[in-house]
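What follows is a single structure, written as structure tokens, with notes after it.
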Amino acid sequence: MNKAFFILVIIGVPLSVIGSLLNWNFIMMFAIYCVTIISLANYIRRSTESLASVVGDTIGGLLNATFGNAAEIIISFFALREGLNTVVISSITGVILVNLLFAGGLSILIGGLRYKQQNFSVFKARHNTGLLFFAIVVAFVLPYIFSSRINEAKMQVLSTAFAIVMVVLYLLALFFKLVTHKGVFTGEKKEGEEQEEPEWGKGKAILILALATVVLAYISEKLVGTIEPVGDALGWTEVFIGIIVVAVVGSAAEYVSAIYMAYRNRMDIMMEIAIGSTVQSAMFVAPILVLLSYFFTFLPLVFTTTDLVAMILAVLMTMSMTNDGDSNWFEGALLIGTYIAMAFGFYLL
Amino acid sequence: MNKAFFILVIIGVPLSVIGSLLNWNFIMMFAIYCVTIISLANYIRRSTESLASVVGDTIGGLLNATFGNAAEIIISFFALREGLNTVVISSITGVILVNLLFAGGLSILIGGLRYKQQNFSVFKARHNTGLLFFAIVVAFVLPYIFSSRINEAKMQVLSTAFAIVMVVLYLLALFFKLVTHKGVFTGEKKEGEEQEEPEWGKGKAILILALATVVLAYISEKLVGTIEPVGDALGWTEVFIGIIVVAVVGSAAEYVSAIYMAYRNRMDIMMEIAIGSTVQSAMFVAPILVLLSYFFTFLPLVFTTTDLVAMILAVLMTMSMTNDGDSNWFEGALLIGTYIAMAFGFYLL
Amino acid sequence: MNKAFFILVIIGVPLSVIGSLLNWNFIMMFAIYCVTIISLANYIRRSTESLASVVGDTIGGLLNATFGNAAEIIISFFALREGLNTVVISSITGVILVNLLFAGGLSILIGGLRYKQQNFSVFKARHNTGLLFFAIVVAFVLPYIFSSRINEAKMQVLSTAFAIVMVVLYLLALFFKLVTHKGVFTGEKKEGEEQEEPEWGKGKAILILALATVVLAYISEKLVGTIEPVGDALGWTEVFIGIIVVAVVGSAAEYVSAIYMAYRNRMDIMMEIAIGSTVQSAMFVAPILVLLSYFFTFLPLVFTTTDLVAMILAVLMTMSMTNDGDSNWFEGALLIGTYIAMAFGFYLL
């Protein structure tokens, strides 16, 4: 599979550059950018993992936290610069729906077709779903309920305060996981499974990480530039582009890995990728985007009712699924069914 | 108890026919129809169970799935034909509230007065409550949140799409339960409890099933015809008739069985009846009614906020109660208290 | 610590009396009243506990139920008499937020800084969170959803009916805990921990209880009289005073004890105090205030959307935290983070 991503990068990057210079058809370019970003995100993910296994768990964890959602942050940054705040806020919703329902569901379904029942650590799953619930509650629901009763200036203060609380708690969560309660999270891994060899050495990994990030940033800027014309041409609303397209492109690296892990019956890693990266999106990426938006048009973290309910439902579905420590194909089918129903609803909006 | 139902049928059916021909007082007829339908539903239930134990688990499961909520479907069909969509949508809400809170609560209370603590399989209970939560979420909450933002034509498309997703997932749930994960659901029963003898032979069961269904359909049509005049005479709204009266009549067969099973300390069967039949109402009956309504006035699955919140609360209460695998009289009292409070609120509307 | 409360009472009570007679600055008096009430509440708590351990579990349980939230009831009574219904309804919200998020969070955080992991009985915690969820659902959410569809007169009937249902179920809950299922709740205590000696004898405890209650009532009346001028002077809304100030003062006795218990790793008692006293506020104090309000201006139990969502989130956070039977510092930090975010939001309103 890594080979496929190699080919996509080798073809996609030059095509992106040439196409954007020669002003090729923007719908085709939009598709090329998307595919190229997905494959570059795969390289970022793999080089981060290689680095992480060299530098030790603590710095490795921080690296993962920083570069794990790199594509999502970079695309959103350029969208903020273009004033596409609706796309940004929708893509935050979208990443959560895609990770939990689509990526989580597809992983569980594919894993479940191969194994009758798959088990995972309830402790870790609950830690992550608990964090996720907290993130949605504090960062998303509270601003929503207060927003109808206070004016815009106060809303900016509130959004900023909430963003800071979230980032602080996210750093505390890392500190909890990587320092004070390290054994609880890594203890079990050592028993059952062998330590994986890093794919690349330290130097090569840093080089690939730096290169892939720079190129991804370049193409993301181009991608964001095509969002409005593509939306107009295909009749897609900004909401739909944010919630489905940008979200799927921005988090593709994660769910490809998640599905692969489920297929190999390594459900704890799969859960960590699917749910852990959603926690990261909600507790770290979203508040960082709020703070970054000070440089452009301020982005208050106020979602539409539809977005908010969809996210809450996705989190509650995930909590209800993971609460028992095992999964089967039918649970995957339920999650995917929910995603399809939601995506269809957002398409009709 | 079966004797009581026998007497009610023997008296109720002729009275229903004669009374409707002679135009007896419609309030009395309404009462006679209700009682007769309840006792006929008991016969449908028993003949289905007899048949199910003869034809094997898979076809038996399908039979139960089809005829389990026969009374509910038949009454709603005639109500749809009469254009009483408010009654139909309220009765869907009502069946869920009655099954979970009233039937579930009364079963747990009565069982709990006899046994200090009653245990049931957490796995099965969670499977059912998980399905229920999913059904409410996808089939009921999503159309509600999208309905305020899209027009009526799109709402019909959305409702239809959601109904199809639900039916497909309901069939997948049956496939999961009856085929791929059969052992998980039936394995435990074999150890502890003896296989019950079917009450009737195959031929007799089919005959009773056919007869009871036909007569029940006949009386349901009459019953639906009296809803409007009875509502006018007694000052009951269509919402109250749907949510309390039709729901109680339509699902009486189930909760009589549920209470009986709790009294005999067979809590797994009790849970299967109370929660399983609610899943069936939400995932199968409700979407089927949406699809059937194409022949009459389209019935979009959009509940009022009150209905929706009441259902969500009932499901969450059930999840919170069943999460620990045991029950006691006080949990039953809480569920009944919730039902009384809700019913009183709906009465005041 | 008891010494500190002794000194505060010895200084606070005379100062309160003298200051109110001499009309000292009302902001200073407000502060003096608050501190004195907190220390008197501590005496009420300790005398109730001493009495409870003498008179046996059943009457002791009833004593705790009656005097456990004495300060809260007394302050709210005088606020009702002054027509400060907004303060009363906000303080109900506030007590729930303070107990669950602030007191619970601080206890778990402080305990967690001393012990890596603290365990408590999942059974008891679930019993309490289940009750709490029920209380919020029936007493708070249902009136809210019905309130938009029925008129004020009917709302009074509904509020009264719900209040009666709640009090009945609260008494049933006591009956369950103290009579029919007594062993389940007290059985474990006997094994591990020694029975504590009561601090005071029967006579002394009754005397202190009576004295402290009378003085607390006197000072509460004075405190309520200063709420409006203090609010005007400091720019605090009635909502903020109710939700933060009155709530913190009214339930200080509980959370001081809760934190102390967590520090000593007696998490079951800590949970009983933090969650159990919240159940009491919701299922007993709130309905009693509704019934008491018949003497003044009727207080329907209808919260604002903001209040309601904040309470539901606090309960769900607590359920998600306590579901696994262990706690650590990070869970405490999350709860406190949620409280800070909410308090800041209410401050901005």
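Labeling convention for the structure tokens: chains A, B, ... as they appear, residues from 1 per chain, ligands from 1 in order of appearance.
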
Residue hits in chain B, query chain C, radius 10 Å, only C-alpha atoms, as JSON, numbers by chain: {"B": [113, 116, 117, 305, 306, 307, 308, 309, 310, 313, 314, 316, 317, 319, 320, 321, 323, 324, 328, 329, 330, 331, 333, 334, 335, 337, 338, 339, 340, 341, 342, 344, 345, 346, 348, 349]}

Spatial neighbours of C:Val98, 9 Å, only C-alpha atoms, chain gap at least 3 places, as an MDAnalysis selection string: chainID C and resid 93:95 101:104 243:244 247:248 251 255 339

Straight-line distance linking atom CA of C:Ile32 with atom CA of C:Leu216, stated in Å to one decimal: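 Rounded to one decimal, the two atoms are 12.5 Å apart.
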
Surrounding residues of B:Ala210 excluding itself and chain neighbours under 4 positions, 12 Å, only C-alpha atoms, as a VMD selection string: chain B and resid 40 to 41 43 to 45 47 to 48 67 70 203 to 206 214 to 217

Stretch 263-278 of chain A environment, 6 Å, only C-alpha atoms, sequence neighbours closer than 2 positions dropped, as a list in words: Ile96, Asn99, Gly104, Gly111, Phe120, Ala258, Tyr260, Met261, Gln280 and Ser281 of chain A

Distance of atom CA of B:Val246 from atom CA of B:Leu51, expressed in Å to one decimal place: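 These two atoms are separated by 27.2 Å.
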
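The shell of residues at most 9 Å from A:Phe78, with only C-alpha atoms counted and near chain neighbours (fewer than 2 positions) removed, consists of Ile73, Ile74, Ile75, Ser76, Leu80, Arg81, Glu82, Gly83, Leu84, Ala217, Ser220, Glu221, Val224 and Gly225 of chain A.
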
For the selection you just gave me, I'd like the residues written to a file as a compact mmCIF listing (two decimals), in the first residue's frame, keeping C-alpha atoms.
# COMPACT_ATOMS: atom_id res chain seq x y z
CA ILE A 73 -4.29 22.33 10.17
CA ILE A 74 -2.53 23.47 6.99
CA ILE A 75 -5.62 23.33 4.78
CA SER A 76 -7.67 25.13 7.43
CA LEU A 80 -8.96 30.99 7.18
CA ARG A 81 -6.67 33.31 5.20
CA GLU A 82 -9.17 33.25 2.32
CA GLY A 83 -11.99 34.10 4.74
CA LEU A 84 -13.67 30.71 4.14
CA ALA A 217 1.43 23.40 2.41
CA SER A 220 -3.12 23.03 0.21
CA GLU A 221 -2.93 26.69 -0.71
CA VAL A 224 -8.20 26.18 -1.08
CA GLY A 225 -8.09 28.52 -4.07

Point-to-point distance in Å for atom CA of C:Cys34 and atom CA of C:Asn64: 22.4 Å

Stretch 66-211 of chain C: residues DSSP assigns to alpha helix (DSSP H), reported as a PyMOL selection string: chain C and resi 66-67+70-81+85-97+104-114+122-135+142-147+152-175+182-192+202-211
